[in-house]
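Source file: run00.txt (compact mmCIF, C-alpha atoms and all ligand atoms)
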```
# COMPACT_ATOMS: atom_id res chain seq x y z
CA MET S 167 21.96 -18.43 -18.19
CA ALA S 168 22.50 -16.47 -21.42
CA PRO S 169 23.10 -12.73 -20.87
CA HIS S 170 20.03 -10.58 -21.45
CA SER S 171 20.43 -9.09 -24.93
CA CYS S 172 17.24 -7.10 -25.51
CA LYS S 173 18.54 -3.62 -26.51
CA GLY S 174 16.81 -0.65 -24.95
CA CYS S 175 14.76 -2.43 -22.28
CA LEU S 176 15.51 -1.76 -18.60
CA ARG S 177 16.78 -5.29 -17.99
CA GLY S 178 18.99 -5.05 -21.08
CA ILE S 179 20.48 -1.71 -20.06
CA ILE S 180 21.11 -2.95 -16.53
CA ALA S 181 22.66 -6.20 -17.78
CA GLU S 182 25.00 -4.26 -20.10
CA ARG S 183 26.10 -1.75 -17.46
CA MET S 184 26.52 -4.41 -14.81
CA ALA S 185 28.70 -6.47 -17.09
CA MET S 186 30.89 -3.36 -17.41
CA SER S 187 31.15 -2.82 -13.65
CA SER S 188 31.28 -6.47 -12.56
CA LYS S 189 35.01 -6.20 -11.81
CA GLU S 190 34.38 -3.72 -9.03
CA LYS S 191 35.11 -5.11 -5.59
CA PRO S 192 32.13 -4.94 -3.20
CA MET S 193 32.64 -2.77 -0.12
CA GLU S 194 32.79 -4.24 3.33
CA VAL S 195 29.75 -3.73 5.52
CA ASN S 196 31.00 -2.06 8.66
CA GLY S 197 29.76 -0.22 11.72
CA THR S 198 26.53 -2.21 12.14
CA ASP S 199 25.49 -4.21 15.17
CA GLU S 200 23.78 -7.62 14.99
CA ASN S 201 20.34 -5.98 14.43
CA GLY S 202 21.57 -4.05 11.42
CA ILE S 203 21.55 -0.79 13.39
CA ASP S 204 24.23 1.45 11.93
CA ASP S 205 25.62 4.39 13.87
CA ASN S 206 26.88 6.05 10.67
CA PRO S 207 23.99 8.21 9.49
CA SER S 208 25.39 8.63 5.96
CA MET S 209 22.72 6.74 4.07
CA PRO S 210 19.93 5.10 6.06
CA TRP S 211 17.36 7.38 4.47
CA PHE S 212 15.39 4.60 2.83
CA GLY S 213 12.46 2.70 4.30
CA MET S 214 11.17 -0.30 2.35
CA ASP S 215 7.96 -2.22 2.92
CA ILE S 216 8.31 -5.33 0.79
CA GLY S 217 4.82 -6.80 0.53
CA GLY S 218 3.31 -9.78 -1.27
CA THR S 219 2.38 -7.64 -4.30
CA LEU S 220 4.01 -4.20 -4.05
CA CYS S 221 7.27 -2.91 -2.69
CA LYS S 222 6.89 0.54 -1.16
CA LEU S 223 10.08 2.62 -0.99
CA VAL S 224 10.22 5.83 1.00
CA TYR S 225 13.20 8.12 0.50
CA PHE S 226 13.98 10.95 2.92
CA GLU S 227 15.91 13.67 1.13
CA PRO S 228 17.66 15.81 3.75
CA LYS S 229 18.07 19.49 2.87
CA ASP S 230 21.75 19.29 3.82
CA LEU S 231 23.78 16.11 3.65
CA PRO S 232 25.30 15.15 7.02
CA LYS S 233 28.89 16.39 7.49
CA SER S 234 30.15 12.86 8.18
CA GLU S 235 29.89 11.98 4.49
CA THR S 236 33.09 11.86 2.52
CA THR S 237 33.45 13.61 -0.84
CA SER S 238 33.02 10.43 -2.91
CA GLU S 239 29.94 9.51 -0.89
CA VAL S 240 28.49 12.95 -1.52
CA GLU S 241 28.98 12.54 -5.28
CA THR S 242 27.27 9.13 -5.39
CA LEU S 243 24.52 10.36 -3.11
CA ARG S 244 23.92 13.33 -5.35
CA ASN S 245 23.53 11.03 -8.35
CA ILE S 246 21.10 8.76 -6.55
CA ARG S 247 19.16 11.73 -5.22
CA ARG S 248 18.97 13.24 -8.72
CA TYR S 249 17.83 9.95 -10.23
CA LEU S 250 15.09 9.42 -7.65
CA THR S 251 13.80 12.96 -7.37
CA LYS S 252 13.99 14.08 -11.01
CA ASN S 253 12.06 11.08 -12.37
CA SER S 254 8.51 9.99 -11.70
CA ALA S 255 8.80 6.63 -13.49
CA TYR S 256 11.57 4.06 -13.13
CA GLY S 257 11.57 1.56 -16.00
CA LYS S 258 8.08 0.37 -16.93
CA THR S 259 6.85 -0.58 -13.47
CA GLY S 260 8.35 1.78 -10.88
CA HIS S 261 6.41 4.93 -9.99
CA ARG S 262 6.91 7.90 -7.74
CA ASP S 263 3.67 9.20 -6.22
CA ILE S 264 4.49 12.88 -6.52
CA HIS S 265 1.08 13.95 -5.18
CA LEU S 266 1.98 12.31 -1.83
CA GLN S 267 5.39 13.99 -1.41
CA MET S 268 5.86 15.65 2.01
CA GLU S 269 8.06 18.74 2.35
CA ASN S 270 9.72 20.16 5.46
CA VAL S 271 9.48 17.10 7.66
CA THR S 272 12.07 16.39 10.33
CA ILE S 273 13.74 13.05 10.97
CA ARG S 274 16.48 12.77 13.58
CA GLY S 275 16.94 16.53 13.70
CA LEU S 276 17.33 16.86 9.93
CA GLU S 277 14.80 18.69 7.82
CA GLY S 278 13.93 17.33 4.42
CA THR S 279 11.43 15.90 1.96
CA LEU S 280 9.78 12.47 1.94
CA HIS S 281 9.40 10.83 -1.47
CA PHE S 282 7.07 7.90 -2.09
CA ILE S 283 7.96 5.25 -4.66
CA ARG S 284 6.43 1.85 -5.46
CA PHE S 285 7.17 -1.06 -7.77
CA PRO S 286 5.91 -4.65 -8.03
CA THR S 287 7.66 -6.98 -5.60
CA ASN S 288 8.26 -9.43 -8.45
CA GLU S 289 10.66 -6.83 -9.94
CA MET S 290 12.97 -7.13 -6.92
CA LYS S 291 15.81 -8.68 -8.95
CA ASN S 292 15.77 -5.74 -11.40
CA PHE S 293 15.57 -3.28 -8.51
CA LEU S 294 18.68 -4.79 -6.92
CA ALA S 295 20.51 -4.72 -10.25
CA LEU S 296 19.63 -1.05 -10.70
CA ALA S 297 20.68 -0.24 -7.12
CA LYS S 298 24.03 -1.87 -7.85
CA TYR S 299 24.46 0.02 -11.08
CA LYS S 300 23.70 3.31 -9.29
CA GLY S 301 26.57 2.66 -6.91
CA MET S 302 24.57 1.83 -3.81
CA ALA S 303 26.77 -1.13 -2.98
CA LYS S 304 29.66 1.29 -2.46
CA LEU S 305 27.67 3.55 -0.22
CA VAL S 306 24.78 2.14 1.69
CA THR S 307 25.48 0.00 4.67
CA THR S 308 21.94 -0.35 5.90
CA VAL S 309 18.44 -0.13 4.50
CA CYS S 310 15.43 -0.14 6.82
CA ALA S 311 12.95 -2.80 5.80
CA THR S 312 9.65 -4.33 6.80
CA GLY S 313 6.98 -6.61 5.33
CA GLY S 314 7.41 -10.29 4.50
CA GLY S 315 9.99 -9.47 1.82
CA ALA S 316 12.39 -8.04 4.41
CA TYR S 317 12.87 -11.65 5.49
CA LYS S 318 12.42 -13.35 2.13
CA PHE S 319 14.88 -11.14 0.24
CA GLU S 320 17.40 -10.48 3.02
CA ASP S 321 20.07 -12.75 1.52
CA ASP S 322 19.56 -11.27 -1.97
CA PHE S 323 20.19 -7.75 -0.64
CA LYS S 324 23.40 -8.92 1.02
CA ARG S 325 24.61 -10.92 -1.96
CA GLU S 326 23.67 -8.51 -4.78
CA VAL S 327 24.34 -5.07 -3.28
CA ASN S 328 26.12 -5.77 -0.03
CA MET S 329 23.27 -4.12 1.85
CA LYS S 330 22.28 -5.09 5.33
CA LEU S 331 18.60 -4.88 6.15
CA ALA S 332 17.55 -3.41 9.48
CA LYS S 333 14.30 -5.34 9.85
CA PHE S 334 11.22 -4.15 11.73
CA ASP S 335 7.87 -5.80 12.30
CA GLU S 336 5.28 -4.83 9.67
CA PHE S 337 2.50 -3.88 12.09
CA ASP S 338 4.79 -1.94 14.49
CA SER S 339 6.02 -0.05 11.42
CA LEU S 340 2.52 0.50 10.07
CA LEU S 341 1.43 2.12 13.34
CA THR S 342 4.56 4.23 13.75
CA GLY S 343 4.28 5.51 10.17
CA LEU S 344 0.55 6.17 10.46
CA HIS S 345 0.91 8.27 13.60
CA TYR S 346 3.87 10.21 12.19
CA ILE S 347 2.23 11.02 8.86
CA ASP S 348 -1.07 11.98 10.47
CA ARG S 349 0.81 14.35 12.79
CA HIS S 350 2.70 15.95 9.90
CA ASN S 351 -0.11 16.24 7.36
CA PRO S 352 -3.17 18.19 8.49
CA THR S 353 -5.30 16.78 5.66
CA GLU S 354 -4.22 13.13 6.03
CA CYS S 355 -7.39 11.67 7.51
CA TYR S 356 -10.81 11.94 5.87
CA TYR S 357 -14.19 10.28 5.50
CA TRP S 358 -16.77 10.13 2.72
CA SER S 359 -19.97 12.06 3.37
CA ASN S 360 -23.23 10.80 1.77
CA PRO S 361 -21.47 7.77 0.23
CA THR S 362 -24.57 6.48 -1.61
CA GLU S 363 -25.43 9.73 -3.39
CA GLU S 364 -22.85 10.39 -6.08
CA SER S 365 -23.84 14.06 -6.48
CA LYS S 366 -23.55 14.75 -2.73
CA CYS S 367 -20.63 12.45 -1.90
CA ASN S 368 -17.53 14.32 -0.80
CA LYS S 369 -14.23 13.77 0.93
CA VAL S 370 -14.34 15.51 4.31
CA LYS S 371 -11.29 16.17 6.49
CA TYR S 372 -11.37 14.32 9.83
CA ASP S 373 -9.49 15.39 12.95
CA PHE S 374 -7.71 12.22 14.09
CA SER S 375 -5.66 13.87 16.85
CA SER S 376 -7.38 11.81 19.64
CA PRO S 377 -7.53 8.49 17.85
CA TYR S 378 -7.80 5.74 20.50
CA PRO S 379 -9.21 3.20 20.39
CA PHE S 380 -9.45 2.51 16.69
CA LEU S 381 -9.41 -0.42 14.31
CA ILE S 382 -7.01 -0.59 11.36
CA VAL S 383 -8.05 -2.69 8.40
CA ASN S 384 -4.96 -3.08 6.24
CA ILE S 385 -6.08 -4.22 2.77
CA GLY S 386 -2.98 -5.40 0.95
CA SER S 387 -2.64 -8.71 -0.91
CA GLY S 388 -4.31 -10.19 2.17
CA VAL S 389 -6.12 -8.35 4.95
CA SER S 390 -5.08 -7.81 8.57
CA VAL S 391 -7.29 -6.22 11.22
CA LEU S 392 -5.62 -4.58 14.22
CA ALA S 393 -7.29 -3.14 17.33
CA VAL S 394 -5.20 -0.17 18.49
CA TYR S 395 -5.45 1.11 22.08
CA SER S 396 -2.41 3.43 22.24
CA ALA S 397 0.68 4.33 20.18
CA THR S 398 2.30 1.04 21.17
CA ASN S 399 -0.52 -1.14 22.49
CA TYR S 400 -2.33 -3.06 19.78
CA LYS S 401 -3.34 -6.61 18.81
CA ARG S 402 -4.06 -8.36 15.53
CA VAL S 403 -7.69 -9.39 15.98
CA SER S 404 -8.44 -10.93 12.61
CA GLY S 405 -7.46 -11.32 8.99
CA THR S 406 -8.59 -12.80 5.72
CA SER S 407 -6.82 -14.12 2.67
CA ILE S 408 -9.63 -12.62 0.55
CA GLY S 409 -8.07 -9.22 -0.07
CA GLY S 410 -6.61 -6.94 -2.74
CA GLY S 411 -4.66 -9.79 -4.31
CA THR S 412 -7.86 -11.81 -4.62
CA PHE S 413 -9.61 -8.91 -6.35
CA LEU S 414 -6.80 -8.50 -8.85
CA GLY S 415 -6.34 -12.24 -9.45
CA LEU S 416 -10.04 -12.95 -10.01
CA CYS S 417 -10.51 -9.82 -12.09
CA CYS S 418 -7.64 -10.75 -14.42
CA LEU S 419 -9.08 -14.26 -14.75
CA LEU S 420 -12.64 -13.11 -15.44
CA THR S 421 -11.98 -10.10 -17.68
CA GLY S 422 -8.54 -10.68 -19.20
CA CYS S 423 -7.33 -7.35 -17.79
CA ASN S 424 -3.63 -6.96 -17.04
CA SER S 425 -3.27 -4.40 -14.30
CA PHE S 426 -4.90 -3.06 -11.15
CA GLU S 427 -5.55 0.28 -12.85
CA GLU S 428 -7.31 -1.48 -15.76
CA ALA S 429 -9.37 -3.58 -13.34
CA ILE S 430 -10.54 -0.45 -11.51
CA GLU S 431 -11.35 1.35 -14.78
CA LEU S 432 -13.44 -1.61 -15.95
CA ALA S 433 -15.23 -1.79 -12.60
CA ALA S 434 -16.09 1.92 -12.78
CA GLU S 435 -17.99 1.28 -16.01
CA GLY S 436 -19.73 -1.91 -14.91
CA ASP S 437 -22.96 -2.85 -13.17
CA ASN S 438 -22.75 -5.63 -10.59
CA THR S 439 -26.53 -6.12 -10.60
CA ASN S 440 -26.15 -7.92 -13.97
CA VAL S 441 -24.05 -10.50 -12.15
CA ASP S 442 -25.19 -10.54 -8.52
CA LYS S 443 -28.55 -11.70 -7.17
CA LEU S 444 -30.17 -8.99 -5.06
CA VAL S 445 -32.62 -9.36 -2.17
CA LYS S 446 -35.37 -8.03 -4.47
CA ASP S 447 -34.54 -10.69 -7.07
CA ILE S 448 -35.45 -13.22 -4.39
CA TYR S 449 -38.15 -11.38 -2.40
CA GLY S 450 -39.57 -9.09 -5.06
CA GLY S 451 -38.74 -6.19 -2.70
CA ASP S 452 -37.24 -5.63 0.76
CA TYR S 453 -36.97 -8.36 3.40
CA ALA S 454 -38.18 -5.77 5.89
CA ARG S 455 -38.48 -7.93 8.98
CA PHE S 456 -34.71 -8.29 9.21
CA GLY S 457 -33.84 -4.92 7.68
CA LEU S 458 -32.57 -6.27 4.36
CA PRO S 459 -33.27 -3.70 1.61
CA GLY S 460 -34.26 -4.96 -1.85
CA ASP S 461 -31.12 -3.44 -3.42
CA LEU S 462 -28.76 -5.33 -1.10
CA VAL S 463 -26.66 -8.04 -2.76
CA ALA S 464 -28.16 -11.30 -1.48
CA SER S 465 -25.75 -13.58 -3.31
CA SER S 466 -22.65 -12.48 -5.20
CA PHE S 467 -22.29 -13.70 -8.82
CA SER S 468 -25.28 -16.00 -8.52
CA ALA S 469 -27.35 -14.27 -11.22
CA LEU S 470 -25.00 -16.07 -13.58
CA CYS S 471 -26.44 -19.42 -12.52
CA SER S 472 -30.15 -18.61 -12.83
CA PHE S 473 -32.26 -15.51 -13.32
CA GLY S 474 -36.02 -15.25 -13.87
CA GLN S 475 -36.98 -16.53 -17.27
CA MET S 476 -33.56 -16.08 -18.80
CA ASN S 477 -31.40 -19.20 -18.80
CA SER S 478 -28.03 -19.04 -17.13
CA LYS S 479 -26.02 -19.31 -20.36
CA ASP S 480 -27.76 -16.24 -21.81
CA ARG S 481 -27.19 -14.48 -18.53
CA ARG S 482 -23.48 -15.23 -18.62
CA ASN S 483 -23.24 -14.05 -22.21
CA LYS S 484 -24.97 -10.77 -21.28
CA ALA S 485 -22.54 -9.98 -18.45
CA THR S 486 -19.84 -7.66 -19.77
CA ARG S 487 -16.19 -7.54 -18.65
CA GLN S 488 -17.09 -4.29 -16.89
CA ASP S 489 -19.98 -5.98 -15.00
CA LEU S 490 -17.70 -8.83 -13.94
CA ALA S 491 -15.00 -6.43 -12.72
CA ARG S 492 -17.57 -4.42 -10.75
CA ALA S 493 -19.07 -7.55 -9.21
CA THR S 494 -15.61 -8.79 -8.19
CA LEU S 495 -14.81 -5.43 -6.58
CA VAL S 496 -18.15 -5.30 -4.75
CA THR S 497 -17.87 -8.92 -3.54
CA ILE S 498 -14.36 -8.52 -2.10
CA THR S 499 -15.07 -5.08 -0.61
CA ASN S 500 -18.34 -6.09 1.05
CA ASN S 501 -16.70 -9.15 2.55
CA ILE S 502 -13.91 -7.03 4.04
CA GLY S 503 -16.46 -4.50 5.29
CA SER S 504 -18.42 -7.25 6.97
CA ILE S 505 -15.33 -8.66 8.74
CA ALA S 506 -14.31 -5.14 9.81
CA ARG S 507 -17.75 -4.52 11.28
CA MET S 508 -17.74 -7.76 13.25
CA CYS S 509 -14.27 -6.98 14.62
CA ALA S 510 -15.38 -3.46 15.61
CA ILE S 511 -18.42 -4.87 17.43
CA GLN S 512 -16.32 -7.50 19.19
CA GLU S 513 -13.73 -4.93 20.30
CA LYS S 514 -16.35 -2.24 21.06
CA ILE S 515 -14.58 0.20 18.74
CA LYS S 516 -16.36 2.91 16.76
CA ARG S 517 -13.68 4.22 14.39
CA VAL S 518 -12.36 2.01 11.63
CA VAL S 519 -9.40 3.19 9.56
CA PHE S 520 -9.02 1.48 6.18
CA VAL S 521 -5.51 1.49 4.66
CA GLY S 522 -3.50 -0.50 2.11
CA ASN S 523 -2.98 -0.15 -1.62
CA PHE S 524 -6.24 -1.91 -2.51
CA LEU S 525 -7.75 1.53 -1.85
CA ARG S 526 -5.40 3.24 -4.35
CA VAL S 527 -7.39 5.01 -7.11
CA ASN S 528 -10.38 3.10 -5.77
CA PRO S 529 -13.19 5.45 -4.63
CA ILE S 530 -15.79 2.77 -5.42
CA ALA S 531 -14.41 0.51 -2.68
CA MET S 532 -13.97 3.38 -0.21
CA LYS S 533 -17.54 4.60 -0.71
CA LEU S 534 -18.89 1.06 -0.38
CA LEU S 535 -16.98 0.58 2.87
CA ALA S 536 -18.16 3.98 4.13
CA TYR S 537 -21.76 3.12 3.31
CA ALA S 538 -21.61 -0.40 4.77
CA MET S 539 -20.06 0.72 8.06
CA ASP S 540 -22.59 3.51 8.45
CA TYR S 541 -25.70 1.57 7.37
CA TRP S 542 -25.13 -1.63 9.34
CA SER S 543 -24.16 0.21 12.53
CA ASN S 544 -27.11 2.62 12.35
CA GLY S 545 -24.64 5.47 12.08
CA THR S 546 -22.61 4.55 15.18
CA MET S 547 -19.42 3.45 13.37
CA LYS S 548 -17.27 5.60 11.14
CA ALA S 549 -15.08 4.50 8.22
CA LEU S 550 -11.95 6.64 7.97
CA PHE S 551 -9.34 6.79 5.22
CA LEU S 552 -5.78 8.13 4.92
CA GLU S 553 -4.14 9.85 1.95
CA HIS S 554 -0.87 7.87 2.15
CA GLU S 555 -2.86 4.58 1.97
CA GLY S 556 -0.11 2.00 1.51
CA TYR S 557 3.05 3.82 2.62
CA PHE S 558 2.84 3.79 6.42
CA GLY S 559 4.93 0.64 6.91
CA ALA S 560 7.80 2.02 4.80
CA VAL S 561 7.80 5.35 6.67
CA GLY S 562 7.43 3.58 10.02
CA CYS S 563 10.44 1.29 9.62
CA LEU S 564 12.61 4.28 8.65
CA LEU S 565 11.50 6.14 11.77
CA LYS S 566 11.96 3.10 14.00
CA TYR S 567 15.52 2.74 12.74
CA HIS S 568 16.35 6.32 13.66
CA GLU S 569 14.60 5.98 17.04
CA ALA S 570 16.80 2.94 17.74
CA VAL S 571 19.99 4.77 16.73
CA GLU S 572 19.12 7.77 18.90
CA SER S 573 18.38 5.74 22.02
N1 LIG S 601 -0.08 -0.84 -9.35
C1 LIG S 601 -0.57 -1.87 -8.66
N2 LIG S 601 -0.17 -3.13 -8.94
C2 LIG S 601 -0.64 -4.20 -8.27
N3 LIG S 601 -1.56 -4.09 -7.28
C3 LIG S 601 -2.00 -2.86 -6.94
C4 LIG S 601 -1.52 -1.70 -7.61
N4 LIG S 601 -2.12 -0.63 -7.04
C5 LIG S 601 -2.94 -1.07 -6.10
N5 LIG S 601 -2.89 -2.42 -6.02
C6 LIG S 601 -3.68 -3.22 -5.06
O1 LIG S 601 -2.96 -3.19 -3.85
C7 LIG S 601 -2.77 -4.52 -3.35
C8 LIG S 601 -1.46 -4.59 -2.60
O2 LIG S 601 -1.53 -3.68 -1.53
P1 LIG S 601 -0.32 -3.44 -0.52
O3 LIG S 601 0.84 -2.90 -1.26
O4 LIG S 601 -0.88 -2.61 0.59
O5 LIG S 601 -0.08 -4.90 -0.01
P2 LIG S 601 1.23 -5.83 0.06
O6 LIG S 601 2.13 -5.22 1.07
O7 LIG S 601 1.78 -6.07 -1.29
O8 LIG S 601 0.57 -7.18 0.61
P3 LIG S 601 0.73 -7.93 2.01
O9 LIG S 601 0.69 -6.84 3.07
O10 LIG S 601 -0.44 -8.82 2.08
O11 LIG S 601 2.06 -8.59 1.94
C9 LIG S 601 -2.88 -5.41 -4.57
O12 LIG S 601 -3.28 -6.70 -4.22
C10 LIG S 601 -3.90 -4.68 -5.41
O13 LIG S 601 -5.21 -5.01 -5.02
C1 LIG S 602 0.44 -12.40 5.78
C2 LIG S 602 0.24 -10.89 5.81
C3 LIG S 602 0.27 -10.41 7.26
C4 LIG S 602 1.44 -10.28 5.04
O1 LIG S 602 1.38 -8.88 5.06
C5 LIG S 602 -1.06 -10.46 5.11
O2 LIG S 602 -1.04 -10.86 3.78
C6 LIG S 602 -2.33 -11.01 5.79
O3 LIG S 602 -2.72 -10.53 6.80
N1 LIG S 602 -2.99 -12.03 5.18
C7 LIG S 602 -4.23 -12.60 5.71
C8 LIG S 602 -3.95 -13.90 6.45
C9 LIG S 602 -5.18 -14.38 7.22
O4 LIG S 602 -5.40 -13.89 8.35
O5 LIG S 602 -5.91 -15.19 6.69
```

Just give me the structure as C-alpha cells.
Ligand SMILES: Nc1ncnc2c1ncn2[C@@H]1O[C@H](COP(=O)(O)OP(=O)(O)OP(=O)(O)O)[C@@H](O)[C@H]1O
Ligand SMILES: CC(C)(CO)[C@@H](O)C(=O)NCCC(=O)O
Amino acid sequence: MAPHSCKGCLRGIIAERMAMSSKEKPMEVNGTDENGIDDNPSMPWFGMDIGGTLCKLVYFEPKDLPKSETTSEVETLRNIRRYLTKNSAYGKTGHRDIHLQMENVTIRGLEGTLHFIRFPTNEMKNFLALAKYKGMAKLVTTVCATGGGAYKFEDDFKREVNMKLAKFDEFDSLLTGLHYIDRHNPTECYYWSNPTEESKCNKVKYDFSSPYPFLIVNIGSGVSVLAVYSATNYKRVSGTSIGGGTFLGLCCLLTGCNSFEEAIELAAEGDNTNVDKLVKDIYGGDYARFGLPGDLVASSFSALCSFGQMNSKDRRNKATRQDLARATLVTITNNIGSIARMCAIQEKIKRVVFVGNFLRVNPIAMKLLAYAMDYWSNGTMKALFLEHEGYFGAVGCLLKYHEAVES
C-alpha cells in the first residue's frame, strides 16, 4: 500500500511520525498472567468498551503516579496524560465528554479523576497508530477492554502496540460500572416529569440507592435487555437488532444526513405525523374500547403510501427530511419502549433504566420512552435514565481489572 501522503490530516501526521519511529524495537510484554491480569500497576488506568459503532475510552488520572514507575515511564505517562486531559477533541472524530468528568474518585486506593472519551470504532486503526506514536507500546502492558471489539481487535492491539487486553464480559462490566458511577455521583440517576408537556417537562433526580430488581435496556447499535436482581445476579431477557444503529442507518438513507448529531437535529425540527398514520387517521378519533388515543401512531411511515384524498406520491413529496428523521426516531424508540414494557411485565419489574449512546443528546427519545412506560402501565412503571449513558461498560471493565488484581 502506498504511504499516506495527505499533509496536515491526522492520518498523514501519524503516518509521517510512525515512519520516523518505525525502527524502534517493541517492548516485551511481561508480568501478565494468561488472563491479561498484570500485577504491575504502572499503567492499567484505561478501560475500553469497543462497541459495534462507538469505542468508549475511560481514563483514570491518579493524583499521584504510583512509586513503582521508573523515571522514563513517568515522562511518557506525563505526555500521554497531558495529551488526553488538555484536549477535548482528538483528530476529527475523537471527543472527550468534559461535562461527564468525575473528580476525586478512588480506584484501588488511589484518588484521581475519571475522563470520558469516545471515537467511532471504525477509527480503531488510527487510534492504534496514535497510541503507538504517543509511546504507549513502550509503557502499557495491559489495557482493560470489553464489548465485541475486545475480541475482534485483540490481535491488532498485540501486533500494533504490543498491548495485551484484559477482557471482561460486556454485561458484567456494564453492571459494575453502573453501580460504581451511581454510588459516586449523587445526581447520576433521573427521570423526566410530565414528559408530554414541553413547558412542564423537567429532569428530576431519582434516588437509586435501593435499586433491585430493575431492568436495564442498553440501546447501543443493537439493544439488550437485562433483568437485574442483585449486584451480580442478572440475566439477559431479550434483545433486538432494531436499535441505535438502525436509527442512524435509516436516517442517513432517508435524509442524506451524515452524523448522529445531524440526525437528531433534523428530528427535533420534524413532525412525524406527516409520515406516520395515526389512530385518528383511521378511526376519525380515539379507539376508546381498547384505550387507543387518536394521537397514537397506528402505523409508522404508512401515511406515505396513502392518505385521505392526497395521493401517495404527493404525500411523499410533502414529507421533509426533518419529518422523515423524526418518524425514524419515533418508530425505533417506540419499538424499543414496547419491548422494554413487555420484558418488565414478564419479569414483574417496575423500574426500567435506559442506557446506551442512542440516548446521547436525545431528549426526544428519552421523553417518548418516559411517556410510553408511564402511559401503558397506568403509572406503575418508571423509566429512569443515567447521566453517563454509554460509559458504564468502559468504567466497569477497569474496575473489574483492579478487583481481580487486588484479590
Ligand atoms: N457520535 C456518534 N456517532 C455514532 N453514533 C452515535 C453517536 N452518538 C450517539 N450515537 C448513537 O449511539 C449508538 C451506539 O451506542 P453505544 O456506543 O452505546 O453502542 P455500541 O457499543 O457501539 O453498540 P453495541 O453495544 O451494539 O456493540 C449509535 O448506533 C447511535 O445511535
Ligand atoms: C450483540 C450485542 C450484544 C453487542 O453489544 C448487541 O448489539 C445486541 O444486543 N444486539 C441485539 C441482538 C438481538 O438480541 O437481536

Would you name the residues within 10 Å of ligand LIG 602 (chain S), counting all atoms listed in the file, and put them as an mmCIF file with C-alpha atoms, keeping the file's coordinate frame?
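The result, stored in selection_32.cif:
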```cif
data_model
loop_
_atom_site.group_PDB
_atom_site.id
_atom_site.type_symbol
_atom_site.label_atom_id
_atom_site.label_comp_id
_atom_site.auth_asym_id
_atom_site.auth_seq_id
_atom_site.Cartn_x
_atom_site.Cartn_y
_atom_site.Cartn_z
ATOM 1 C CA ASP S 215 7.960 -2.220 2.920
ATOM 2 C CA ILE S 216 8.310 -5.330 0.790
ATOM 3 C CA GLY S 217 4.820 -6.800 0.530
ATOM 4 C CA GLY S 218 3.310 -9.780 -1.270
ATOM 5 C CA THR S 219 2.380 -7.640 -4.300
ATOM 6 C CA THR S 312 9.650 -4.330 6.800
ATOM 7 C CA GLY S 313 6.980 -6.610 5.330
ATOM 8 C CA GLY S 314 7.410 -10.290 4.500
ATOM 9 C CA GLY S 315 9.990 -9.470 1.820
ATOM 10 C CA GLU S 336 5.280 -4.830 9.670
ATOM 11 C CA PHE S 337 2.500 -3.880 12.090
ATOM 12 C CA VAL S 383 -8.050 -2.690 8.400
ATOM 13 C CA ASN S 384 -4.960 -3.080 6.240
ATOM 14 C CA ILE S 385 -6.080 -4.220 2.770
ATOM 15 C CA GLY S 386 -2.980 -5.400 0.950
ATOM 16 C CA SER S 387 -2.640 -8.710 -0.910
ATOM 17 C CA GLY S 388 -4.310 -10.190 2.170
ATOM 18 C CA VAL S 389 -6.120 -8.350 4.950
ATOM 19 C CA SER S 390 -5.080 -7.810 8.570
ATOM 20 C CA VAL S 391 -7.290 -6.220 11.220
ATOM 21 C CA LEU S 392 -5.620 -4.580 14.220
ATOM 22 C CA ARG S 402 -4.060 -8.360 15.530
ATOM 23 C CA VAL S 403 -7.690 -9.390 15.980
ATOM 24 C CA SER S 404 -8.440 -10.930 12.610
ATOM 25 C CA GLY S 405 -7.460 -11.320 8.990
ATOM 26 C CA THR S 406 -8.590 -12.800 5.720
ATOM 27 C CA SER S 407 -6.820 -14.120 2.670
ATOM 28 C CA ILE S 408 -9.630 -12.620 0.550
ATOM 29 C CA GLY S 409 -8.070 -9.220 -0.070
ATOM 30 C CA GLY S 410 -6.610 -6.940 -2.740
ATOM 31 C CA GLY S 411 -4.660 -9.790 -4.310
#
```

Using all atoms listed in the file, which residue out of S:Val309, S:Ala549, S:Val521, S:Leu294 lies closest to ligand LIG 601 (chain S)? S:Val521

May I have the residues within 10 Å of range 244-254 of chain S as an mmCIF file with C-alpha atoms, keeping the file's coordinate frame, using only C-alpha atoms and disregarding those fewer than 5 positions away in the same chain?
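Generated file (around36.cif):
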```cif
data_model
loop_
_atom_site.group_PDB
_atom_site.id
_atom_site.type_symbol
_atom_site.label_atom_id
_atom_site.label_comp_id
_atom_site.auth_asym_id
_atom_site.auth_seq_id
_atom_site.Cartn_x
_atom_site.Cartn_y
_atom_site.Cartn_z
ATOM 1 C CA TYR S 225 13.200 8.120 0.500
ATOM 2 C CA PHE S 226 13.980 10.950 2.920
ATOM 3 C CA GLU S 227 15.910 13.670 1.130
ATOM 4 C CA PRO S 228 17.660 15.810 3.750
ATOM 5 C CA LEU S 231 23.780 16.110 3.650
ATOM 6 C CA SER S 238 33.020 10.430 -2.910
ATOM 7 C CA GLU S 239 29.940 9.510 -0.890
ATOM 8 C CA GLY S 260 8.350 1.780 -10.880
ATOM 9 C CA HIS S 261 6.410 4.930 -9.990
ATOM 10 C CA ARG S 262 6.910 7.900 -7.740
ATOM 11 C CA ASP S 263 3.670 9.200 -6.220
ATOM 12 C CA ILE S 264 4.490 12.880 -6.520
ATOM 13 C CA HIS S 281 9.400 10.830 -1.470
ATOM 14 C CA PHE S 282 7.070 7.900 -2.090
ATOM 15 C CA ILE S 283 7.960 5.250 -4.660
ATOM 16 C CA ALA S 297 20.680 -0.240 -7.120
ATOM 17 C CA LYS S 300 23.700 3.310 -9.290
ATOM 18 C CA GLY S 301 26.570 2.660 -6.910
ATOM 19 C CA MET S 302 24.570 1.830 -3.810
#
```

One residue among S:Glu363, S:Asp321, S:Glu513, S:Glu289 is nearest to ligand LIG 601 (chain S) when using all atoms listed in the file, and that residue is S:Glu289

Give me, please, the distance in Å between CA of Ala397 in chain S and CA of Lys330 in chain S, quoted to one decimal.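 Interatomic distance, CA of Ala397 in chain S to CA of Lys330 in chain S: 27.9 Å.
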
Restricting the calculation to all atoms listed in the file: of S:Cys417, S:Asn360, S:Lys229, S:Val571, which residue gets closest to Glu269 in chain S?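 When distances to Glu269 in chain S are compared using all atoms listed in the file, the smallest one comes from S:Lys229.
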
By how many Å are CA of Cys221 in chain S and CA of Met329 in chain S apart?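 So the answer is 16.7 Å.
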